[in-house]
file run.txt (compact mmCIF, C-alpha atoms)
# COMPACT_ATOMS: atom_id res chain seq x y z
CA MET Q 255 137.05 99.18 194.59
CA ARG Q 256 137.01 99.32 198.38
CA ASN Q 257 140.06 97.05 198.53
CA VAL Q 258 141.89 99.29 196.07
CA LYS Q 259 141.16 102.37 198.19
CA ALA Q 260 142.29 100.56 201.31
CA PHE Q 261 145.53 99.57 199.60
CA ILE Q 262 146.18 103.18 198.52
CA VAL Q 263 145.57 104.47 202.05
CA LEU Q 264 147.90 101.87 203.55
CA SER Q 265 150.59 102.69 200.97
CA ILE Q 266 150.39 106.40 201.77
CA LEU Q 267 150.56 105.72 205.51
CA PHE Q 268 153.52 103.38 205.05
CA ASN Q 269 155.46 105.88 202.94
CA PHE Q 270 154.68 108.71 205.35
CA THR Q 271 155.84 106.60 208.28
CA CYS Q 272 159.10 105.78 206.52
CA VAL Q 273 159.79 109.45 205.80
CA ALA Q 274 158.74 110.57 209.28
CA ASN Q 275 161.09 108.07 210.94
CA ALA Q 276 164.00 108.65 208.56
CA THR Q 277 167.09 109.76 210.45
CA LEU Q 278 169.76 109.17 207.79
CA ILE Q 279 169.04 110.50 204.29
CA TYR Q 280 171.31 110.22 201.22
CA ASP Q 281 171.18 111.96 197.87
CA ALA Q 282 173.59 111.53 194.96
CA ASN Q 283 173.33 113.36 191.65
CA ALA Q 284 175.77 113.00 188.74
CA SER Q 285 175.48 114.34 185.19
CA SER Q 286 177.92 114.84 182.35
CA SER Q 287 178.45 115.69 178.70
CA PHE Q 288 181.18 114.34 176.46
CA THR Q 289 181.86 116.29 173.26
CA LEU Q 290 184.26 115.95 170.36
CA ILE Q 291 186.48 119.00 169.86
CA ASP Q 292 188.73 117.65 167.08
CA SER Q 293 188.60 114.19 165.47
CA GLY Q 294 192.21 114.50 164.26
CA GLY Q 295 191.23 112.54 161.16
CA LEU Q 296 189.85 109.58 163.14
CA ILE Q 297 186.45 108.03 162.49
CA VAL Q 298 184.54 108.51 165.77
CA SER Q 299 181.28 106.84 166.87
CA ALA Q 300 179.62 105.66 170.08
CA LEU Q 301 177.42 102.94 171.57
CA ALA Q 302 175.30 103.16 174.72
CA GLU Q 303 176.24 100.85 177.59
CA PRO Q 304 173.25 101.26 179.93
CA GLU Q 305 172.67 99.00 182.92
CA LEU Q 306 169.41 98.51 184.74
CA PRO Q 307 169.19 100.74 187.82
CA SER Q 308 168.79 98.96 191.13
CA SER Q 309 167.16 99.92 194.41
CA MET Q 310 166.33 97.96 197.52
CA SER Q 311 164.92 98.85 200.90
CA SER Q 312 163.72 97.00 203.96
CA GLY Q 313 162.21 97.96 207.28
CA THR Q 314 161.83 101.68 207.86
CA ALA Q 315 163.60 102.84 204.70
CA THR Q 316 163.09 104.30 201.23
CA ALA Q 317 165.10 104.01 198.00
CA SER Q 318 164.46 106.03 194.85
CA ILE Q 319 165.81 106.21 191.30
CA ASP Q 320 165.40 109.91 190.50
CA ALA Q 321 167.09 110.07 187.10
CA ASP Q 322 168.48 107.53 184.64
CA PHE Q 323 169.14 109.20 181.29
CA GLN Q 324 171.39 108.76 178.29
CA SER Q 325 171.26 110.71 175.04
CA ASP Q 326 171.06 109.01 171.64
CA ALA Q 327 174.51 107.56 170.92
CA THR Q 328 173.81 107.36 167.19
CA THR Q 329 173.96 111.17 166.90
CA PHE Q 330 177.54 111.29 168.21
CA PRO Q 331 179.85 113.01 167.42
CA THR Q 332 177.54 115.62 165.86
CA SER Q 333 175.82 115.88 169.24
CA GLY Q 334 177.50 115.30 172.59
CA LEU Q 335 176.95 112.28 174.81
CA MET Q 336 174.73 113.29 177.74
CA GLN Q 337 174.24 111.27 180.92
CA SER Q 338 172.35 111.80 184.16
CA SER Q 339 172.31 109.45 187.18
CA ASP Q 340 170.45 110.46 190.36
CA VAL Q 341 169.43 108.45 193.43
CA SER Q 342 168.12 109.18 196.91
CA GLY Q 343 166.89 107.29 199.93
CA SER Q 344 166.77 107.01 203.69
CA ALA Q 345 166.81 104.69 206.68
CA GLY Q 346 165.49 105.23 210.18
CA ALA Q 347 164.29 103.83 213.47
CA PRO Q 348 163.55 101.24 214.58
CA SER Q 349 165.59 99.60 211.80
CA GLY Q 350 165.95 99.80 208.05
CA SER Q 351 168.34 99.53 205.13
CA SER Q 352 168.37 101.18 201.74
CA THR Q 353 170.52 101.18 198.62
CA ALA Q 354 170.07 102.70 195.17
CA THR Q 355 172.41 102.73 192.17
CA VAL Q 356 172.30 104.06 188.61
CA LEU Q 357 175.14 103.00 186.29
CA ASN Q 358 175.47 104.70 182.90
CA GLY Q 359 178.18 104.52 180.28
CA PHE Q 360 178.99 105.04 176.62
CA LEU Q 361 181.54 103.15 174.54
CA VAL Q 362 183.40 105.57 172.25
CA ILE Q 363 184.91 103.88 169.18
CA LEU Q 364 187.91 105.30 167.28
CA GLU Q 365 189.13 104.05 163.90
CA ASN Q 366 192.39 105.08 162.25
CA GLU Q 367 192.56 104.14 158.56
CA ASP Q 368 196.03 105.65 157.95
CA ASP Q 369 199.59 104.46 158.50
CA PHE Q 370 200.45 107.01 161.19
CA ALA Q 371 199.13 107.76 164.67
CA LYS Q 372 196.31 110.26 165.12
CA THR Q 373 194.92 112.05 168.15
CA ALA Q 374 191.31 113.03 168.84
CA VAL Q 375 190.47 115.73 171.38
CA PHE Q 376 187.39 115.58 173.62
CA GLU Q 377 185.92 117.66 176.43
CA PHE Q 378 184.34 115.90 179.42
CA THR Q 379 182.14 118.28 181.43
CA TYR Q 380 180.55 116.97 184.61
CA ASP Q 381 178.70 118.13 187.70
CA TRP Q 382 177.85 116.51 191.01
CA ASP Q 383 175.84 117.02 194.18
CA VAL Q 384 176.09 114.43 196.97
CA SER Q 385 174.87 114.71 200.55
CA LEU Q 386 174.08 112.82 203.74
CA ILE Q 387 171.75 114.21 206.40
CA GLN Q 388 171.71 112.60 209.85
CA GLY Q 389 169.60 113.40 212.88
CA PRO Q 390 169.00 113.25 215.75
CA VAL Q 391 172.58 112.87 217.00
CA SER Q 392 171.37 110.33 219.56
CA ASP Q 393 170.84 107.90 216.64
CA ALA Q 394 174.29 108.42 215.10
CA SER Q 395 175.85 105.33 216.68
CA ARG Q 396 173.13 103.19 215.08
CA GLU Q 397 173.59 104.47 211.52
CA ALA Q 398 175.95 104.35 208.57
CA GLY Q 399 175.63 105.54 205.01
CA ILE Q 400 177.30 106.55 201.76
CA ALA Q 401 176.54 108.91 198.88
CA SER Q 402 178.69 109.02 195.78
CA ALA Q 403 178.97 110.35 192.24
CA PHE Q 404 181.37 108.54 189.93
CA PHE Q 405 182.97 109.76 186.69
CA HIS Q 406 185.44 107.60 184.78
CA LEU Q 407 187.23 107.54 181.43
CA SER Q 408 188.52 103.98 181.23
CA GLY Q 409 189.43 101.05 179.00
CA PHE Q 410 192.62 102.48 177.51
CA ALA Q 411 195.98 100.73 176.96
CA PRO Q 412 196.95 98.08 177.92
CA SER Q 413 193.39 96.86 177.35
CA GLY Q 414 193.55 98.61 173.98
CA SER Q 415 196.36 100.13 171.95
CA GLU Q 416 195.14 103.70 172.27
CA THR Q 417 196.58 106.04 174.91
CA LEU Q 418 195.07 108.83 177.01
CA ALA Q 419 196.37 112.22 178.11
CA ILE Q 420 194.40 114.66 180.28
CA ASP Q 421 194.48 118.41 180.85
CA GLU Q 422 192.52 119.20 184.01
CA GLY Q 423 192.95 122.94 183.50
CA LEU Q 424 194.86 123.34 186.77
CA GLY Q 425 198.12 124.54 185.25
CA ALA Q 426 199.83 121.16 184.99
CA GLY Q 427 199.19 120.99 181.24
CA ILE Q 428 198.64 117.77 179.29
CA VAL Q 429 199.58 114.69 181.35
CA SER Q 430 199.63 111.08 180.10
CA VAL Q 431 197.57 108.76 182.31
CA ALA Q 432 196.31 105.16 182.24
CA ASP Q 433 192.76 106.34 182.88
CA TRP Q 434 190.95 109.24 184.54
CA LEU Q 435 188.65 109.10 187.56
CA PHE Q 436 186.77 111.57 189.76
CA ASN Q 437 184.74 110.20 192.66
CA PRO Q 438 183.23 112.78 195.06
CA PHE Q 439 182.20 110.66 198.02
CA ILE Q 440 180.64 111.13 201.46
CA SER Q 441 180.46 108.45 204.14
CA PHE Q 442 179.01 108.29 207.64
CA GLU Q 443 180.15 105.53 209.98
CA PHE Q 444 178.58 104.11 213.12
CA ASP Q 445 181.16 105.85 215.33
CA ASP Q 446 180.76 109.28 213.67
CA LEU Q 447 178.93 112.15 215.36
CA VAL Q 448 179.28 114.86 212.71
CA THR Q 449 177.79 114.42 209.24
CA PRO Q 450 180.20 115.53 206.47
CA GLY Q 451 179.08 118.56 204.49
CA ALA Q 452 177.56 118.19 201.04
CA LEU Q 453 179.84 118.07 198.01
CA SER Q 454 178.81 119.85 194.83
CA GLY Q 455 180.44 121.43 191.82
CA SER Q 456 180.91 121.49 188.08
CA THR Q 457 184.05 121.40 185.97
CA SER Q 458 185.58 119.87 182.84
CA VAL Q 459 188.72 118.15 181.58
CA THR Q 460 190.20 117.89 178.11
CA ALA Q 461 191.01 114.36 176.93
CA TYR Q 462 193.55 113.54 174.21
CA VAL Q 463 193.14 110.02 172.83
CA THR Q 464 195.85 108.75 170.47
CA VAL Q 465 195.23 105.76 168.20
CA PRO Q 466 198.16 104.07 166.39
CA GLU Q 467 198.28 103.41 162.66
CA PHE Q 468 195.47 101.23 161.33
CA GLY Q 469 194.06 100.99 164.85
CA LEU Q 470 190.48 100.27 165.90
CA ASP Q 471 190.08 101.06 169.57
CA SER Q 472 187.47 102.07 172.14
CA PHE Q 473 187.06 103.39 175.67
CA SER Q 474 184.25 103.96 178.16
CA VAL Q 475 182.74 107.22 179.42
CA ILE Q 476 181.04 106.48 182.75
CA THR Q 477 178.71 108.57 184.92
CA ASP Q 478 177.25 106.80 187.97
CA ALA Q 479 175.45 107.64 191.21
CA THR Q 480 174.93 105.47 194.26
CA GLY Q 481 173.81 105.71 197.87
CA SER Q 482 173.18 103.48 200.87
CA ALA Q 483 171.88 103.91 204.39
CA ILE Q 484 171.36 101.58 207.30
CA HIS Q 485 169.83 102.00 210.76
CA VAL Q 486 170.16 99.15 213.26
CA ASN Q 487 168.71 98.46 216.69
CA GLU Q 488 172.20 98.04 218.12
CA PRO Q 489 175.50 98.77 216.29
CA ILE Q 490 176.86 95.25 216.81
CA PRO Q 491 180.19 94.29 215.18
CA VAL Q 492 178.51 91.79 212.83
CA THR Q 493 176.33 94.52 211.36
CA ILE Q 494 179.30 96.84 210.97
CA LEU Q 495 181.28 94.14 209.18
CA LEU Q 496 178.33 93.38 206.91
CA PHE Q 497 177.97 97.04 205.92
CA GLY Q 498 181.73 97.27 205.32
CA PHE Q 499 181.59 94.18 203.11
CA LEU Q 500 178.77 95.65 201.02
CA PHE Q 501 180.74 98.87 200.64
CA VAL Q 502 183.88 97.05 199.47
CA LEU Q 503 181.80 94.99 197.04
CA TRP Q 504 180.27 98.15 195.58
CA ARG Q 505 183.73 99.71 195.11
CA LYS Q 506 184.97 96.61 193.26
CA ILE Q 507 181.92 96.72 190.97
CA GLN Q 508 182.67 100.38 190.17
CA TYR Q 509 186.20 99.54 189.08

call {"tool": "encode", "arguments": {"input": "run.txt", "output": "structure tokens"}}
result
Amino acid sequence: MRNVKAFIVLSILFNFTCVANATLIYDANASSSFTLIDSGGLIVSALAEPELPSSMSSGTATASIDADFQSDATTFPTSGLMQSSDVSGSAGAPSGSSTATVLNGFLVILENEDDFAKTAVFEFTYDWDVSLIQGPVSDASREAGIASAFFHLSGFAPSGSETLAIDEGLGAGIVSVADWLFNPFISFEFDDLVTPGALSGSTSVTAYVTVPEFGLDSFSVITDATGSAIHVNEPIPVTILLFGFLFVLWRKIQY
């Protein structure tokens, strides 16, 4: 019992120390709903495509998975597809690194049993809140970080035979596209002195998915959140290159 109490005390002290020394803090929140407006005569269903969230920290750092939620895909299209992906974390002196990612997606399946093309209409509503907080300024040259929300409608022709058109509600009307992506993103580099302001908002797009005669097609509805932070003793080129490599790798995984 005494050992257990000692362990609890040490854990509290360790976590408090990490928070107290944190000088770069990231937070990324992404949530969405995907609803069917008109099936257009298509048979519409969905499957969940969840991935295990990941977080890693070392040194004076924290990494947290704050939300990882998907609604029941079997109730679609009667009920909308809901997703929520939230992460946060920090890094601080004397050195530390942190990364946290939540990847969520649904596979929407469309079946056309007739001998002519049909179009289903969906609404994708999404909101985001991403931020980086850095301080004191004297530590800026030793730190780098990212915070990102990621929304993607993907997997259309040529990977399938269906096609996508989007109306973003900005006056351009319905526009045919290969896929649709929105990626509010904040980064802080080792040579930056000013932390970018937080990005937040909520909006929606209308998606028109056309399936040819006797077609059976599918596409993905993705809602992700990720963040990373690093604090080094000295901002040496090797460390900068390493952080840049990890960032490029993350971007490739997203696509």

call {"tool": "closest_residue", "arguments": {"input": "run.txt", "among": "Q:Ala282, Q:Leu296, Q:Val475, Q:Met310", "to": "Ser342 of chain Q", "atoms": "all atoms listed in the file"}}
result
Q:Ala282

call {"tool": "closest_residue", "arguments": {"input": "run.txt", "among": "Q:Phe468, Q:Phe436, Q:Phe288, Q:Phe376", "to": "Gly359 of chain Q", "atoms": "all atoms listed in the file"}}
result
Q:Phe288

call {"tool": "atom_distance", "arguments": {"input": "run.txt", "atom1": "atom CA of His485 of chain Q", "atom2": "atom CA of Phe404 of chain Q"}}
result
24.7 Å

call {"tool": "atom_distance", "arguments": {"input": "run.txt", "atom1": "atom CA of Ser441 of chain Q", "atom2": "atom CA of Val486 of chain Q"}}
result
16.6 Å

call {"tool": "atom_distance", "arguments": {"input": "run.txt", "atom1": "atom CA of Thr457 of chain Q", "atom2": "atom CA of Tyr280 of chain Q"}}
result
22.8 Å

call {"tool": "residues_near_point", "arguments": {"input": "run.txt", "point": "(180.0, 118.1, 187.7)", "cutoff": "7 Å", "atoms": "only C-alpha atoms", "output": "count of residues only"}}
result
10

call {"tool": "residues_around", "arguments": {"input": "run.txt", "residues": "Asn283 of chain Q", "least_positions_apart": "4", "cutoff": "8 Å", "atoms": "all atoms listed in the file", "output": "PyMOL selection string"}}
result
chain Q and resi 338-341+382-384+403+479

call {"tool": "build_atoms", "arguments": {"input": "run.txt", "residues": "segment 368-385 of chain Q", "atoms": "N, CA, C and O atoms", "output": "PDB file, keeping the file's coordinate frame"}}
result
ATOM      1  N   ASP Q 368     194.749 105.246 158.546  1.00  0.00           N
ATOM      2  CA  ASP Q 368     196.030 105.650 157.950  1.00  0.00           C
ATOM      3  C   ASP Q 368     197.202 104.967 158.624  1.00  0.00           C
ATOM      4  O   ASP Q 368     197.060 104.316 159.668  1.00  0.00           O
ATOM      5  N   ASP Q 369     198.390 105.152 158.028  1.00  0.00           N
ATOM      6  CA  ASP Q 369     199.590 104.460 158.500  1.00  0.00           C
ATOM      7  C   ASP Q 369     200.417 105.313 159.460  1.00  0.00           C
ATOM      8  O   ASP Q 369     201.638 105.155 159.555  1.00  0.00           O
ATOM      9  N   PHE Q 370     199.777 106.219 160.168  1.00  0.00           N
ATOM     10  CA  PHE Q 370     200.450 107.010 161.190  1.00  0.00           C
ATOM     11  C   PHE Q 370     199.460 107.305 162.312  1.00  0.00           C
ATOM     12  O   PHE Q 370     198.235 107.288 162.097  1.00  0.00           O
ATOM     13  N   ALA Q 371     199.980 107.540 163.499  1.00  0.00           N
ATOM     14  CA  ALA Q 371     199.130 107.760 164.670  1.00  0.00           C
ATOM     15  C   ALA Q 371     198.360 109.072 164.552  1.00  0.00           C
ATOM     16  O   ALA Q 371     198.843 110.051 163.974  1.00  0.00           O
ATOM     17  N   LYS Q 372     197.154 109.063 165.113  1.00  0.00           N
ATOM     18  CA  LYS Q 372     196.310 110.260 165.120  1.00  0.00           C
ATOM     19  C   LYS Q 372     195.729 110.465 166.520  1.00  0.00           C
ATOM     20  O   LYS Q 372     195.527 109.496 167.263  1.00  0.00           O
ATOM     21  N   THR Q 373     195.436 111.715 166.826  1.00  0.00           N
ATOM     22  CA  THR Q 373     194.920 112.050 168.150  1.00  0.00           C
ATOM     23  C   THR Q 373     193.610 112.818 168.045  1.00  0.00           C
ATOM     24  O   THR Q 373     193.531 113.830 167.338  1.00  0.00           O
ATOM     25  N   ALA Q 374     192.591 112.330 168.747  1.00  0.00           N
ATOM     26  CA  ALA Q 374     191.310 113.030 168.840  1.00  0.00           C
ATOM     27  C   ALA Q 374     191.254 113.768 170.177  1.00  0.00           C
ATOM     28  O   ALA Q 374     191.802 113.309 171.192  1.00  0.00           O
ATOM     29  N   VAL Q 375     190.573 114.913 170.178  1.00  0.00           N
ATOM     30  CA  VAL Q 375     190.470 115.730 171.380  1.00  0.00           C
ATOM     31  C   VAL Q 375     189.009 115.830 171.803  1.00  0.00           C
ATOM     32  O   VAL Q 375     188.138 116.151 170.978  1.00  0.00           O
ATOM     33  N   PHE Q 376     188.743 115.549 173.081  1.00  0.00           N
ATOM     34  CA  PHE Q 376     187.390 115.580 173.620  1.00  0.00           C
ATOM     35  C   PHE Q 376     187.343 116.488 174.853  1.00  0.00           C
ATOM     36  O   PHE Q 376     188.365 116.715 175.512  1.00  0.00           O
ATOM     37  N   GLU Q 377     186.137 116.948 175.173  1.00  0.00           N
ATOM     38  CA  GLU Q 377     185.920 117.660 176.430  1.00  0.00           C
ATOM     39  C   GLU Q 377     184.877 116.893 177.246  1.00  0.00           C
ATOM     40  O   GLU Q 377     183.792 116.589 176.742  1.00  0.00           O
ATOM     41  N   PHE Q 378     185.234 116.602 178.492  1.00  0.00           N
ATOM     42  CA  PHE Q 378     184.340 115.900 179.420  1.00  0.00           C
ATOM     43  C   PHE Q 378     183.927 116.900 180.501  1.00  0.00           C
ATOM     44  O   PHE Q 378     184.734 117.286 181.345  1.00  0.00           O
ATOM     45  N   THR Q 379     182.677 117.334 180.454  1.00  0.00           N
ATOM     46  CA  THR Q 379     182.140 118.280 181.430  1.00  0.00           C
ATOM     47  C   THR Q 379     181.190 117.543 182.365  1.00  0.00           C
ATOM     48  O   THR Q 379     180.338 116.780 181.901  1.00  0.00           O
ATOM     49  N   TYR Q 380     181.329 117.758 183.655  1.00  0.00           N
ATOM     50  CA  TYR Q 380     180.550 116.970 184.610  1.00  0.00           C
ATOM     51  C   TYR Q 380     180.194 117.809 185.832  1.00  0.00           C
ATOM     52  O   TYR Q 380     180.891 118.759 186.190  1.00  0.00           O
ATOM     53  N   ASP Q 381     179.077 117.464 186.454  1.00  0.00           N
ATOM     54  CA  ASP Q 381     178.700 118.130 187.700  1.00  0.00           C
ATOM     55  C   ASP Q 381     178.128 117.115 188.675  1.00  0.00           C
ATOM     56  O   ASP Q 381     177.611 116.068 188.279  1.00  0.00           O
ATOM     57  N   TRP Q 382     178.216 117.450 189.961  1.00  0.00           N
ATOM     58  CA  TRP Q 382     177.850 116.510 191.010  1.00  0.00           C
ATOM     59  C   TRP Q 382     177.260 117.241 192.204  1.00  0.00           C
ATOM     60  O   TRP Q 382     177.530 118.414 192.434  1.00  0.00           O
ATOM     61  N   ASP Q 383     176.442 116.518 192.945  1.00  0.00           N
ATOM     62  CA  ASP Q 383     175.840 117.020 194.180  1.00  0.00           C
ATOM     63  C   ASP Q 383     175.520 115.812 195.047  1.00  0.00           C
ATOM     64  O   ASP Q 383     174.595 115.060 194.740  1.00  0.00           O
ATOM     65  N   VAL Q 384     176.300 115.589 196.093  1.00  0.00           N
ATOM     66  CA  VAL Q 384     176.090 114.430 196.970  1.00  0.00           C
ATOM     67  C   VAL Q 384     175.968 114.915 198.411  1.00  0.00           C
ATOM     68  O   VAL Q 384     176.662 115.841 198.841  1.00  0.00           O
ATOM     69  N   SER Q 385     175.074 114.286 199.170  1.00  0.00           N
ATOM     70  CA  SER Q 385     174.870 114.710 200.550  1.00  0.00           C
ATOM     71  C   SER Q 385     174.359 113.559 201.411  1.00  0.00           C
ATOM     72  O   SER Q 385     173.754 112.608 200.918  1.00  0.00           O
TER      73      SER Q 385
END
